[in-house]
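Have a look at protein-v6.cif; it's mmCIF, C-alpha atoms:
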```cif
data_upload
loop_
_atom_site.label_atom_id
_atom_site.label_comp_id
_atom_site.auth_asym_id
_atom_site.auth_seq_id
_atom_site.Cartn_x
_atom_site.Cartn_y
_atom_site.Cartn_z
CA MET A 1 3.30 -33.70 4.83
CA PRO A 2 6.12 -31.31 3.86
CA GLY A 3 7.57 -28.90 6.39
CA LYS A 4 7.49 -25.15 6.84
CA LEU A 5 6.58 -22.46 4.38
CA HIS A 6 7.46 -18.82 5.05
CA ILE A 7 5.39 -16.09 3.38
CA VAL A 8 7.23 -12.76 3.28
CA ASN A 9 6.79 -9.37 1.66
CA GLY A 10 9.57 -8.43 -0.71
CA ASP A 11 12.60 -10.09 -2.25
CA ALA A 12 15.03 -8.22 0.03
CA PHE A 13 13.56 -9.82 3.14
CA GLY A 14 13.25 -13.14 1.34
CA ASP A 15 16.98 -13.07 0.53
CA LYS A 16 17.82 -12.39 4.19
CA LEU A 17 15.68 -15.31 5.28
CA ARG A 18 17.33 -17.63 2.73
CA LYS A 19 20.77 -16.74 4.14
CA SER A 20 19.69 -17.55 7.69
CA SER A 21 19.80 -20.99 9.28
CA ILE A 22 16.01 -21.21 9.44
CA ASP A 23 14.60 -24.10 7.45
CA GLY A 24 11.59 -24.02 5.16
CA GLU A 25 10.49 -22.93 1.71
CA ILE A 26 9.92 -19.20 1.03
CA LEU A 27 7.04 -17.60 -0.84
CA VAL A 28 7.60 -13.92 -1.61
CA TRP A 29 4.26 -12.14 -1.89
CA ARG A 30 4.40 -9.44 -4.56
CA GLU A 31 1.30 -7.30 -4.53
CA SER A 32 0.52 -3.69 -3.61
CA LEU A 33 -2.91 -3.85 -2.03
CA TYR A 34 -3.07 -0.16 -1.26
CA GLU A 35 -3.18 0.65 -4.96
CA GLY A 36 -6.02 0.15 -7.40
CA PRO A 37 -9.34 -1.66 -7.00
CA ILE A 38 -9.41 -4.67 -4.70
CA GLY A 39 -11.95 -7.32 -3.71
CA MET A 40 -12.45 -10.30 -1.45
CA GLN A 41 -10.31 -12.43 -3.76
CA MET A 42 -7.74 -10.83 -6.03
CA SER A 43 -8.11 -13.42 -8.80
CA ASP A 44 -11.81 -12.58 -9.27
CA SER A 45 -12.51 -12.65 -13.02
CA LEU A 46 -14.31 -9.30 -12.99
CA LEU A 47 -11.81 -7.52 -10.74
CA LEU A 48 -8.54 -8.72 -12.25
CA PRO A 49 -8.74 -7.02 -15.69
CA ILE A 50 -9.82 -3.72 -14.08
CA ARG A 51 -6.93 -3.93 -11.66
CA ALA A 52 -4.44 -4.89 -14.37
CA SER A 53 -5.56 -1.94 -16.50
CA TYR A 54 -5.20 0.46 -13.55
CA LEU A 55 -1.65 -0.65 -12.74
CA PHE A 56 -0.64 -0.46 -16.38
CA ARG A 57 -1.90 3.12 -16.63
CA LYS A 58 -0.29 4.19 -13.37
CA HIS A 59 3.00 2.28 -13.40
CA GLY A 60 3.40 0.73 -16.84
CA ILE A 61 3.16 -2.83 -15.49
CA PRO A 62 2.27 -5.05 -18.51
CA GLU A 63 -1.28 -6.30 -18.09
CA ASP A 64 -0.51 -9.88 -19.11
CA LEU A 65 2.43 -10.04 -16.70
CA PHE A 66 0.37 -8.67 -13.82
CA THR A 67 -2.51 -11.04 -14.57
CA SER A 68 -0.33 -14.15 -14.79
CA THR A 69 1.58 -13.22 -11.62
CA THR A 70 -1.63 -12.68 -9.67
CA LEU A 71 -3.19 -15.94 -10.85
CA HIS A 72 0.01 -17.84 -10.02
CA GLN A 73 0.14 -16.41 -6.49
CA GLU A 74 -3.52 -17.14 -5.85
CA LYS A 75 -3.10 -20.70 -7.12
CA GLN A 76 -0.20 -21.15 -4.72
CA LEU A 77 -2.45 -20.12 -1.83
CA ASP A 78 -5.10 -22.59 -2.91
CA MET A 79 -2.55 -25.42 -2.89
CA LEU A 80 -0.93 -24.68 0.47
CA SER A 81 -2.99 -27.16 2.47
CA ASP A 82 -1.26 -29.96 0.55
CA GLU A 83 2.24 -28.51 0.72
CA ALA A 84 3.08 -27.36 4.26
CA SER A 85 2.63 -28.48 7.84
CA GLU A 86 3.24 -24.92 9.05
CA ILE A 87 2.84 -21.56 7.29
CA ILE A 88 4.68 -18.66 8.91
CA LEU A 89 3.76 -15.13 7.88
CA TRP A 90 6.41 -12.41 8.37
CA PHE A 91 5.00 -8.89 8.12
CA ASP A 92 6.03 -5.37 9.04
CA GLN A 93 4.01 -2.69 10.85
CA ASP A 94 3.21 -0.35 7.91
CA LEU A 95 0.05 -0.08 5.84
CA PHE A 96 1.58 -1.91 2.87
CA ASP A 97 2.27 -4.99 5.01
CA GLN A 98 -0.77 -4.86 7.28
CA LEU A 99 -3.18 -4.87 4.34
CA MET A 100 -1.30 -7.78 2.85
CA LEU A 101 -1.42 -9.60 6.18
CA CYS A 102 -5.19 -9.13 6.53
CA TYR A 103 -5.76 -10.42 3.02
CA LEU A 104 -3.55 -13.48 3.47
CA LEU A 105 -5.07 -14.35 6.85
CA THR A 106 -8.52 -14.11 5.26
CA ARG A 107 -7.50 -16.33 2.36
CA LEU A 108 -5.73 -18.87 4.60
CA SER A 109 -8.37 -19.02 7.35
CA ASN A 110 -9.74 -22.30 5.99
CA LEU A 111 -6.42 -23.96 6.94
CA HIS A 112 -6.71 -22.98 10.61
CA SER A 113 -8.80 -25.96 11.65
CA GLY A 114 -6.92 -28.45 9.48
CA GLN A 115 -3.50 -30.07 9.69
CA THR A 116 -1.64 -26.95 8.57
CA ARG A 117 -0.55 -24.69 11.42
CA LEU A 118 -0.65 -20.93 10.84
CA SER A 119 1.96 -18.81 12.63
CA LEU A 120 2.75 -15.11 12.61
CA ILE A 121 5.80 -12.91 13.13
CA GLN A 122 5.15 -9.16 13.27
CA TYR A 123 8.03 -6.76 13.45
CA ASP A 124 8.91 -3.09 13.22
CA GLN A 125 11.53 -2.46 10.55
CA LYS A 126 12.70 0.65 12.42
CA ILE A 127 13.94 -1.63 15.20
CA GLU A 128 17.05 -3.53 14.12
CA GLN A 129 16.64 -7.25 14.81
CA THR A 130 18.28 -10.25 13.21
CA ILE A 131 16.24 -12.95 11.50
CA PRO A 132 16.87 -15.43 14.36
CA GLN A 133 15.78 -12.81 16.89
CA LEU A 134 12.55 -12.26 14.99
CA TYR A 135 12.02 -16.00 14.68
CA ASN A 136 12.06 -16.31 18.45
CA GLU A 137 8.91 -14.17 18.46
CA VAL A 138 6.78 -16.49 16.34
CA TRP A 139 3.27 -17.07 17.68
CA PRO A 140 0.34 -19.24 16.55
CA VAL A 141 -2.35 -17.33 14.68
CA THR A 142 -5.43 -17.06 16.88
CA GLU A 143 -9.09 -17.31 16.02
CA GLY A 144 -9.45 -13.68 17.07
CA GLN A 145 -6.76 -12.59 14.60
CA LEU A 146 -8.44 -14.47 11.78
CA ASN A 147 -11.82 -12.94 12.59
CA LEU A 148 -10.37 -9.43 12.81
CA ALA A 149 -8.46 -9.81 9.54
CA ALA A 150 -11.66 -10.94 7.79
CA LYS A 151 -13.60 -7.95 9.16
CA VAL A 152 -10.88 -5.55 8.05
CA TRP A 153 -10.64 -7.00 4.57
CA SER A 154 -14.42 -6.96 4.14
CA ALA A 155 -14.57 -3.30 5.23
CA TYR A 156 -11.58 -2.33 3.08
CA SER A 157 -13.16 -4.05 0.07
CA ALA A 158 -16.48 -2.25 0.50
CA SER A 159 -17.59 0.31 -2.08
CA GLU A 160 -17.95 3.00 0.62
CA PRO A 161 -15.65 3.96 3.54
CA LEU A 162 -18.25 4.07 6.32
CA SER A 163 -17.87 0.45 7.41
CA LEU A 164 -14.12 0.92 7.81
CA ALA A 165 -14.70 4.09 9.85
CA VAL A 166 -16.99 2.12 12.17
CA LEU A 167 -14.43 -0.66 12.47
CA MET A 168 -11.79 1.86 13.53
CA GLU A 169 -13.78 2.44 16.73
CA GLU A 170 -13.55 -1.25 17.69
CA ASP A 171 -10.80 -3.09 19.57
CA LEU A 172 -8.10 -3.90 17.01
CA SER A 173 -5.46 -5.02 19.50
CA GLU A 174 -5.43 -8.65 18.30
CA LEU A 175 -3.20 -7.32 15.52
CA PRO A 176 -1.19 -4.66 17.39
CA PHE A 177 0.10 -2.69 14.37
CA LEU A 178 -3.23 -2.61 12.60
CA LYS A 179 -4.89 0.50 14.05
CA ARG A 180 -1.98 2.78 13.22
CA ALA A 181 -1.81 1.37 9.69
CA LEU A 182 -5.54 1.89 9.14
CA GLU A 183 -5.26 5.44 10.42
CA ALA A 184 -2.69 6.00 7.66
CA ASN A 185 -5.18 4.52 5.21
CA LEU A 186 -7.81 7.08 6.25
CA GLY A 187 -5.32 9.78 5.32
CA ARG A 188 -5.39 8.58 1.73
CA TYR A 189 -8.81 10.17 1.30
CA PRO A 190 -9.07 13.78 0.06
CA SER A 191 -9.39 16.34 2.84
CA MET A 192 -12.37 18.63 3.29
CA GLN A 193 -10.03 21.64 3.29
CA ASN A 194 -8.28 21.43 -0.09
CA GLY A 195 -8.92 18.00 -1.60
CA LEU A 196 -5.42 16.66 -0.92
CA SER A 197 -4.62 13.36 0.73
CA SER A 198 -2.22 13.46 3.67
CA LEU A 199 0.67 12.29 1.45
CA GLU A 200 -0.13 14.84 -1.24
CA GLN A 201 -0.30 17.54 1.43
CA LEU A 202 3.09 16.47 2.74
CA ILE A 203 4.62 16.51 -0.76
CA LEU A 204 3.41 20.04 -1.44
CA GLU A 205 4.60 21.23 1.96
CA GLU A 206 8.08 19.81 1.29
CA ILE A 207 8.42 21.85 -1.92
CA ASP A 208 6.56 24.93 -0.73
CA ARG A 209 9.34 27.52 -1.10
CA THR A 210 11.98 26.05 -3.37
CA GLU A 211 12.79 23.42 -5.98
CA VAL A 212 13.61 20.06 -4.43
CA SER A 213 15.46 17.08 -5.90
CA LEU A 214 13.33 14.00 -6.45
CA TYR A 215 15.69 11.87 -4.37
CA SER A 216 15.53 14.14 -1.33
CA LEU A 217 11.77 14.58 -1.69
CA PHE A 218 11.22 10.83 -1.71
CA GLN A 219 13.51 10.40 1.28
CA HIS A 220 11.88 13.12 3.36
CA VAL A 221 8.31 12.04 2.58
CA SER A 222 9.11 8.37 3.24
CA GLU A 223 10.67 9.20 6.61
CA LYS A 224 7.80 11.42 7.73
CA ALA A 225 5.13 9.03 6.49
CA ASN A 226 6.74 5.70 7.35
CA ASP A 227 3.38 4.21 8.35
CA PHE A 228 2.58 3.85 4.64
CA GLY A 229 5.50 1.66 3.54
CA LEU A 230 5.86 3.83 0.45
CA GLY A 231 7.96 2.49 -2.44
CA ASP A 232 9.68 4.55 -5.12
CA LEU A 233 7.42 3.29 -7.92
CA GLN A 234 4.32 4.27 -5.93
CA PHE A 235 5.86 7.65 -5.17
CA TRP A 236 6.68 8.41 -8.81
CA GLY A 237 3.12 7.49 -9.74
CA MET A 238 1.75 9.86 -7.11
CA LEU A 239 3.91 12.71 -8.39
CA GLU A 240 2.74 12.08 -11.94
CA GLN A 241 -0.89 12.36 -10.82
CA LEU A 242 -0.12 15.77 -9.32
CA ARG A 243 1.83 16.82 -12.42
CA LEU A 244 -0.33 15.58 -15.29
CA CYS A 245 -3.75 16.73 -14.07
CA GLU A 246 -5.85 19.47 -15.70
CA HIS A 247 -4.32 22.19 -13.49
CA PRO A 248 -0.91 20.78 -12.48
CA LEU A 249 0.11 21.30 -8.87
CA ILE A 250 3.80 20.53 -9.47
CA SER A 251 6.26 20.81 -12.35
CA LEU A 252 9.29 18.72 -13.21
CA THR A 253 12.71 19.84 -14.46
CA GLY A 254 15.35 17.48 -15.83
CA GLY A 255 13.11 15.13 -17.79
CA ASP A 256 9.69 14.69 -19.34
CA ARG A 257 8.32 11.77 -17.28
CA LEU A 258 9.18 9.73 -14.22
CA PRO A 259 10.35 6.09 -14.35
CA GLN A 260 7.82 3.30 -14.64
CA TYR A 261 7.94 -0.42 -13.91
CA GLY A 262 11.11 -2.15 -15.09
CA GLU A 263 12.76 1.00 -16.38
CA PRO A 264 16.25 2.00 -15.23
CA LEU A 265 16.67 5.42 -13.70
CA PRO A 266 17.39 8.01 -16.40
CA VAL A 267 20.87 9.49 -16.82
CA GLN A 268 21.53 12.25 -14.26
CA PHE A 269 18.26 11.44 -12.49
CA GLU A 270 19.87 12.75 -9.32
CA ASN A 271 19.63 16.23 -10.83
CA TRP A 272 15.91 16.09 -11.60
CA ARG A 273 13.89 18.50 -9.50
CA VAL A 274 10.28 19.34 -8.71
CA ARG A 275 8.59 22.56 -7.67
CA LEU A 276 5.13 23.96 -6.94
CA THR A 277 3.09 25.62 -9.66
CA ASP A 278 0.87 28.62 -9.00
CA ALA A 279 -2.11 26.26 -8.79
CA GLY A 280 -0.19 24.12 -6.31
CA LYS A 281 0.42 27.14 -4.10
CA LEU A 282 -3.28 28.05 -4.14
CA VAL A 283 -4.30 24.51 -3.22
CA LEU A 284 -1.68 24.26 -0.48
CA THR A 285 -2.98 27.44 1.15
CA GLY A 286 -6.60 26.30 0.85
CA LYS A 287 -7.56 29.01 -1.65
CA GLU A 288 -8.36 26.36 -4.26
CA ASP A 289 -9.47 22.73 -4.03
CA HIS A 290 -7.56 20.00 -5.85
CA ILE A 291 -10.65 17.88 -6.56
CA THR A 292 -12.73 20.84 -7.73
CA LEU A 293 -9.91 21.92 -10.04
CA ASN A 294 -8.75 18.55 -11.35
CA GLY A 295 -11.24 15.90 -10.41
CA ILE A 296 -10.15 12.45 -9.34
CA ASP A 297 -10.23 8.93 -10.75
CA ASP A 298 -8.62 6.61 -8.24
CA TRP A 299 -9.31 3.74 -5.86
CA ILE A 300 -8.89 3.30 -2.12
CA GLY A 301 -9.60 -0.34 -1.49
CA GLY A 302 -13.05 -0.99 -2.93
CA VAL A 303 -13.99 2.71 -3.01
CA HIS A 304 -13.86 4.31 -6.46
CA LEU A 305 -13.31 8.06 -6.18
CA GLN A 306 -14.34 9.56 -9.50
CA GLY A 307 -15.32 13.03 -10.67
CA LYS A 308 -15.25 16.54 -9.23
CA GLN A 309 -18.30 16.51 -6.96
CA LEU A 310 -19.86 14.24 -4.34
CA ILE A 311 -16.50 12.60 -3.63
CA TRP A 312 -15.91 10.77 -0.34
CA ARG A 313 -13.61 12.92 1.78
CA LEU A 314 -12.08 12.51 5.20
CA ASP A 315 -14.05 14.70 7.61
CA ARG A 316 -11.88 14.83 10.70
CA ALA A 317 -14.07 17.50 12.32
CA ASN A 318 -16.89 14.95 12.51
CA SER A 319 -14.67 11.87 12.96
CA GLY A 320 -15.79 10.27 9.75
CA PHE A 321 -16.46 10.80 6.05
CA SER A 322 -18.59 13.20 4.06
CA LYS A 323 -19.30 13.67 0.39
CA LEU A 324 -18.39 17.02 -1.10
#
```
Any chance you could give the structure as structure tokens?
Amino acid sequence: MPGKLHIVNGDAFGDKLRKSSIDGEILVWRESLYEGPIGMQMSDSLLLPIRASYLFRKHGIPEDLFTSTTLHQEKQLDMLSDEASEIILWFDQDLFDQLMLCYLLTRLSNLHSGQTRLSLIQYDQKIEQTIPQLYNEVWPVTEGQLNLAAKVWSAYSASEPLSLAVLMEEDLSELPFLKRALEANLGRYPSMQNGLSSLEQLILEEIDRTEVSLYSLFQHVSEKANDFGLGDLQFWGMLEQLRLCEHPLISLTGGDRLPQYGEPLPVQFENWRVRLTDAGKLVLTGKEDHITLNGIDDWIGGVHLQGKQLIWRLDRANSGFSKL
């Protein structure tokens, strides 16, 4: 049987691993599982076209490219039992990586009792460590980790958020970064106070009193919300949702739309700026509600938030969720 296979998130980390002295093939996993509809298996024939359509609308990712990439990745997972004696997963502490980790552990759990050994390296990107230092911290994947990952993915895939809220009260220490990441995920839901998610709230707070450059806004929000693992493409998409709604909360100066997938940054993009509208100021102060004003049509895992009323919201006062 062939040797090691490393599964990593992102080409940048994959390039670092290739330059190290560590042997083995490398599979770079390219998928943003905190965006759009998801399910128990991402190649599901009903789910995939809905997901491809969502990511095209939000980021301009060509539907045929997204579909072929997803099917290729899933096929690679299905073939791993014949290709590697050990699979090593390298994943960071943020929500982006932890969701990916839970999905991959769920998909690879059938290999655990076979001849392929599953191993895991978890790291915190804020702590500077070399690849060899991280490799010294490799541990076998346990039965408890596989069971927990499956429970998380099942709850995250559910069409309502209540099962995930219940899971948050359980012991999640088998995967030590998981609880903090899932707490960030809860913040993606609209608030009871003004209908903003925690990231949207942070964005509006950052531009409360003055115009702000897009670069500095992205930097400040990313630093303050590093539990999300936010990328620039995801950030531009979030800003466009706040800008292109029925009653825009922000306005853009310097250009007419933000970059989408595969597009170079526009000329003088460093001079583009964003500011609050009057509606944005009312929502930020709680005098208006973003969902009531603009409605919502988005996904958090398997939960489809759609419309202006009876939307699942994070109800921190009652440690759970309510519809409003």
Enumerate, as an NGL selection string, the residues matched when the PyMOL selection byres ((chain A and resi 233) around 10) is run on the file above.
-> :A and (58-59 or 230-232 or 234-238 or 258-262)
Straight-line distance linking atom CA of Asp171 of chain A with atom CA of Leu146 of chain A, stated in Å to one decimal |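 Answer for the atom CA of Asp171 of chain A to atom CA of Leu146 of chain A separation: 14.0 Å.
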Residue with smallest distance to Gln193 of chain A - pool A:Asp315, A:Asp44, A:Asp97, A:Asp23, counting all atoms listed in the file =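 So, comparing all the options, the nearest one is A:Asp315.
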Evaluate the PyMOL selection byres ((chain A and resi 221) around 10) on the structure here and hand back the selected residues as a count of residues only.
-> 18
Counting all atoms listed in the file, give me one row per residue of segment 124-239 of chain A with an atom at most 9 Å from an atom of segment 86-91 of chain A, showing the shortest contact pair and its distance in Å to one decimal, sorted by chain then residue number, as a tab-separated table.
```
residue	atom	partner	partner_atom	distance
A:Asp124	CA	A:Phe91	CA	8.7
A:Val138	CA	A:Ile88	CA	8.0
A:Pro140	CA	A:Ile88	CA	8.8
```
Would you mind telling me which residue in A:Tyr103, A:Tyr135, A:Phe177, A:Tyr123 lies nearest to Ala155 of chain A when using only C-alpha atoms?
-> A:Tyr103
Using all atoms listed in the file, pick whichever of A:Leu5, A:Ile311, A:Ala317, A:Ile61 has the shortest atom-to-atom distance to Gly195 of chain A.
-> A:Ile311
Tell me which residues the PyMOL selection byres ((chain A and resi 6-11) around 10) grabs here, as a ChimeraX atom specification.
-> /A:4-5,12-17,22-32,84,86-92,96-97,100-101,104,119-121
When distances are computed from all atoms listed in the file, which of A:Arg117, A:Lys126, A:Lys308, A:Arg107 shows the smallest separation from Thr142 of chain A?
->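 Counting all atoms listed in the file, the residue closest to Thr142 of chain A is A:Arg117.
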Here's a test: counting only C-alpha atoms, identify every protein, DNA and RNA residue with an atom at most 10 Å from (-9.2, 14.5, 11.7) in the file's coordinate frame, and state them as a PDB file with C-alpha atoms, in the coordinates of the input.
```pdb
ATOM      1  CA  GLU A 183      -5.260   5.440  10.420  1.00  0.00           C
ATOM      2  CA  LEU A 186      -7.810   7.080   6.250  1.00  0.00           C
ATOM      3  CA  GLY A 187      -5.320   9.780   5.320  1.00  0.00           C
ATOM      4  CA  SER A 191      -9.390  16.340   2.840  1.00  0.00           C
ATOM      5  CA  MET A 192     -12.370  18.630   3.290  1.00  0.00           C
ATOM      6  CA  LEU A 314     -12.080  12.510   5.200  1.00  0.00           C
ATOM      7  CA  ASP A 315     -14.050  14.700   7.610  1.00  0.00           C
ATOM      8  CA  ARG A 316     -11.880  14.830  10.700  1.00  0.00           C
ATOM      9  CA  ALA A 317     -14.070  17.500  12.320  1.00  0.00           C
ATOM     10  CA  ASN A 318     -16.890  14.950  12.510  1.00  0.00           C
ATOM     11  CA  SER A 319     -14.670  11.870  12.960  1.00  0.00           C
ATOM     12  CA  GLY A 320     -15.790  10.270   9.750  1.00  0.00           C
ATOM     13  CA  PHE A 321     -16.460  10.800   6.050  1.00  0.00           C
TER      14      PHE A 321
END
```
Point-to-point distance in Å for atom CA of Leu164 of chain A and atom CA of Phe66 of chain A = 27.7 Å
Could you rebuild segment 268-278 of chain A with all heavy atoms and give me the result as a PDB file, in the frame of the given file?
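New file part.pdb:
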```pdb
ATOM      1  N   GLN A 268      21.554  11.037 -15.089  1.00  0.00           N
ATOM      2  CA  GLN A 268      21.530  12.250 -14.260  1.00  0.00           C
ATOM      3  C   GLN A 268      20.189  12.448 -13.545  1.00  0.00           C
ATOM      4  O   GLN A 268      19.763  13.579 -13.304  1.00  0.00           O
ATOM      5  CB  GLN A 268      21.860  13.482 -15.120  1.00  0.00           C
ATOM      6  CG  GLN A 268      23.281  13.458 -15.678  1.00  0.00           C
ATOM      7  CD  GLN A 268      23.672  14.746 -16.365  1.00  0.00           C
ATOM      8  OE1 GLN A 268      22.831  15.456 -16.888  1.00  0.00           O
ATOM      9  NE2 GLN A 268      24.959  15.051 -16.354  1.00  0.00           N
ATOM     10  N   PHE A 269      19.540  11.349 -13.211  1.00  0.00           N
ATOM     11  CA  PHE A 269      18.260  11.440 -12.490  1.00  0.00           C
ATOM     12  C   PHE A 269      18.423  12.161 -11.154  1.00  0.00           C
ATOM     13  O   PHE A 269      17.487  12.781 -10.657  1.00  0.00           O
ATOM     14  CB  PHE A 269      17.697  10.032 -12.267  1.00  0.00           C
ATOM     15  CG  PHE A 269      16.308  10.008 -11.694  1.00  0.00           C
ATOM     16  CD1 PHE A 269      15.239  10.477 -12.429  1.00  0.00           C
ATOM     17  CD2 PHE A 269      16.075   9.502 -10.415  1.00  0.00           C
ATOM     18  CE1 PHE A 269      13.938  10.448 -11.905  1.00  0.00           C
ATOM     19  CE2 PHE A 269      14.800   9.479  -9.888  1.00  0.00           C
ATOM     20  CZ  PHE A 269      13.727   9.944 -10.633  1.00  0.00           C
ATOM     21  N   GLU A 270      19.623  12.088 -10.606  1.00  0.00           N
ATOM     22  CA  GLU A 270      19.870  12.750  -9.320  1.00  0.00           C
ATOM     23  C   GLU A 270      19.741  14.269  -9.431  1.00  0.00           C
ATOM     24  O   GLU A 270      19.587  14.957  -8.409  1.00  0.00           O
ATOM     25  CB  GLU A 270      21.258  12.388  -8.788  1.00  0.00           C
ATOM     26  CG  GLU A 270      22.429  12.893  -9.608  1.00  0.00           C
ATOM     27  CD  GLU A 270      22.808  11.996 -10.772  1.00  0.00           C
ATOM     28  OE1 GLU A 270      22.037  11.033 -11.055  1.00  0.00           O
ATOM     29  OE2 GLU A 270      23.855  12.237 -11.404  1.00  0.00           O
ATOM     30  N   ASN A 271      19.761  14.783 -10.645  1.00  0.00           N
ATOM     31  CA  ASN A 271      19.630  16.230 -10.830  1.00  0.00           C
ATOM     32  C   ASN A 271      18.203  16.669 -11.146  1.00  0.00           C
ATOM     33  O   ASN A 271      17.936  17.870 -11.248  1.00  0.00           O
ATOM     34  CB  ASN A 271      20.553  16.704 -11.964  1.00  0.00           C
ATOM     35  CG  ASN A 271      22.026  16.502 -11.631  1.00  0.00           C
ATOM     36  OD1 ASN A 271      22.417  16.619 -10.485  1.00  0.00           O
ATOM     37  ND2 ASN A 271      22.823  16.185 -12.636  1.00  0.00           N
ATOM     38  N   TRP A 272      17.298  15.725 -11.319  1.00  0.00           N
ATOM     39  CA  TRP A 272      15.910  16.090 -11.600  1.00  0.00           C
ATOM     40  C   TRP A 272      15.291  16.736 -10.360  1.00  0.00           C
ATOM     41  O   TRP A 272      15.534  16.309  -9.229  1.00  0.00           O
ATOM     42  CB  TRP A 272      15.105  14.860 -11.984  1.00  0.00           C
ATOM     43  CG  TRP A 272      15.453  14.300 -13.328  1.00  0.00           C
ATOM     44  CD1 TRP A 272      16.637  14.402 -13.994  1.00  0.00           C
ATOM     45  CD2 TRP A 272      14.599  13.511 -14.148  1.00  0.00           C
ATOM     46  NE1 TRP A 272      16.588  13.729 -15.179  1.00  0.00           N
ATOM     47  CE2 TRP A 272      15.342  13.168 -15.308  1.00  0.00           C
ATOM     48  CE3 TRP A 272      13.302  13.042 -14.041  1.00  0.00           C
ATOM     49  CZ2 TRP A 272      14.811  12.401 -16.329  1.00  0.00           C
ATOM     50  CZ3 TRP A 272      12.765  12.276 -15.048  1.00  0.00           C
ATOM     51  CH2 TRP A 272      13.510  11.966 -16.196  1.00  0.00           C
ATOM     52  N   ARG A 273      14.456  17.753 -10.612  1.00  0.00           N
ATOM     53  CA  ARG A 273      13.890  18.500  -9.500  1.00  0.00           C
ATOM     54  C   ARG A 273      12.402  18.748  -9.732  1.00  0.00           C
ATOM     55  O   ARG A 273      11.910  18.666 -10.865  1.00  0.00           O
ATOM     56  CB  ARG A 273      14.625  19.830  -9.304  1.00  0.00           C
ATOM     57  CG  ARG A 273      16.132  19.645  -9.127  1.00  0.00           C
ATOM     58  CD  ARG A 273      16.865  20.957  -8.976  1.00  0.00           C
ATOM     59  NE  ARG A 273      16.699  21.515  -7.636  1.00  0.00           N
ATOM     60  CZ  ARG A 273      17.415  21.121  -6.586  1.00  0.00           C
ATOM     61  NH1 ARG A 273      18.319  20.162  -6.713  1.00  0.00           N
ATOM     62  NH2 ARG A 273      17.239  21.683  -5.417  1.00  0.00           N
ATOM     63  N   VAL A 274      11.720  19.090  -8.644  1.00  0.00           N
ATOM     64  CA  VAL A 274      10.280  19.340  -8.710  1.00  0.00           C
ATOM     65  C   VAL A 274       9.979  20.607  -7.917  1.00  0.00           C
ATOM     66  O   VAL A 274      10.643  20.915  -6.932  1.00  0.00           O
ATOM     67  CB  VAL A 274       9.500  18.122  -8.167  1.00  0.00           C
ATOM     68  CG1 VAL A 274       9.797  17.879  -6.710  1.00  0.00           C
ATOM     69  CG2 VAL A 274       8.010  18.282  -8.398  1.00  0.00           C
ATOM     70  N   ARG A 275       8.978  21.351  -8.381  1.00  0.00           N
ATOM     71  CA  ARG A 275       8.590  22.560  -7.670  1.00  0.00           C
ATOM     72  C   ARG A 275       7.081  22.752  -7.756  1.00  0.00           C
ATOM     73  O   ARG A 275       6.399  22.131  -8.587  1.00  0.00           O
ATOM     74  CB  ARG A 275       9.292  23.796  -8.238  1.00  0.00           C
ATOM     75  CG  ARG A 275       8.914  24.134  -9.669  1.00  0.00           C
ATOM     76  CD  ARG A 275       9.570  25.422 -10.145  1.00  0.00           C
ATOM     77  NE  ARG A 275       9.239  25.732 -11.533  1.00  0.00           N
ATOM     78  CZ  ARG A 275       8.126  26.380 -11.915  1.00  0.00           C
ATOM     79  NH1 ARG A 275       7.238  26.752 -10.993  1.00  0.00           N
ATOM     80  NH2 ARG A 275       7.897  26.622 -13.184  1.00  0.00           N
ATOM     81  N   LEU A 276       6.551  23.644  -6.928  1.00  0.00           N
ATOM     82  CA  LEU A 276       5.130  23.960  -6.940  1.00  0.00           C
ATOM     83  C   LEU A 276       4.801  24.878  -8.119  1.00  0.00           C
ATOM     84  O   LEU A 276       5.563  25.776  -8.458  1.00  0.00           O
ATOM     85  CB  LEU A 276       4.722  24.681  -5.657  1.00  0.00           C
ATOM     86  CG  LEU A 276       4.429  23.861  -4.406  1.00  0.00           C
ATOM     87  CD1 LEU A 276       3.894  24.772  -3.305  1.00  0.00           C
ATOM     88  CD2 LEU A 276       3.436  22.757  -4.679  1.00  0.00           C
ATOM     89  N   THR A 277       3.642  24.676  -8.703  1.00  0.00           N
ATOM     90  CA  THR A 277       3.090  25.620  -9.660  1.00  0.00           C
ATOM     91  C   THR A 277       2.249  26.657  -8.912  1.00  0.00           C
ATOM     92  O   THR A 277       2.016  26.533  -7.698  1.00  0.00           O
ATOM     93  CB  THR A 277       2.193  24.906 -10.684  1.00  0.00           C
ATOM     94  OG1 THR A 277       1.082  24.329  -9.970  1.00  0.00           O
ATOM     95  CG2 THR A 277       2.961  23.797 -11.403  1.00  0.00           C
ATOM     96  N   ASP A 278       1.754  27.647  -9.629  1.00  0.00           N
ATOM     97  CA  ASP A 278       0.870  28.620  -9.000  1.00  0.00           C
ATOM     98  C   ASP A 278      -0.404  27.949  -8.478  1.00  0.00           C
ATOM     99  O   ASP A 278      -0.891  28.277  -7.391  1.00  0.00           O
ATOM    100  CB  ASP A 278       0.498  29.720  -9.999  1.00  0.00           C
ATOM    101  CG  ASP A 278       1.683  30.630 -10.329  1.00  0.00           C
ATOM    102  OD1 ASP A 278       2.641  30.659  -9.527  1.00  0.00           O
ATOM    103  OD2 ASP A 278       1.639  31.300 -11.377  1.00  0.00           O
TER     104      ASP A 278
END
```
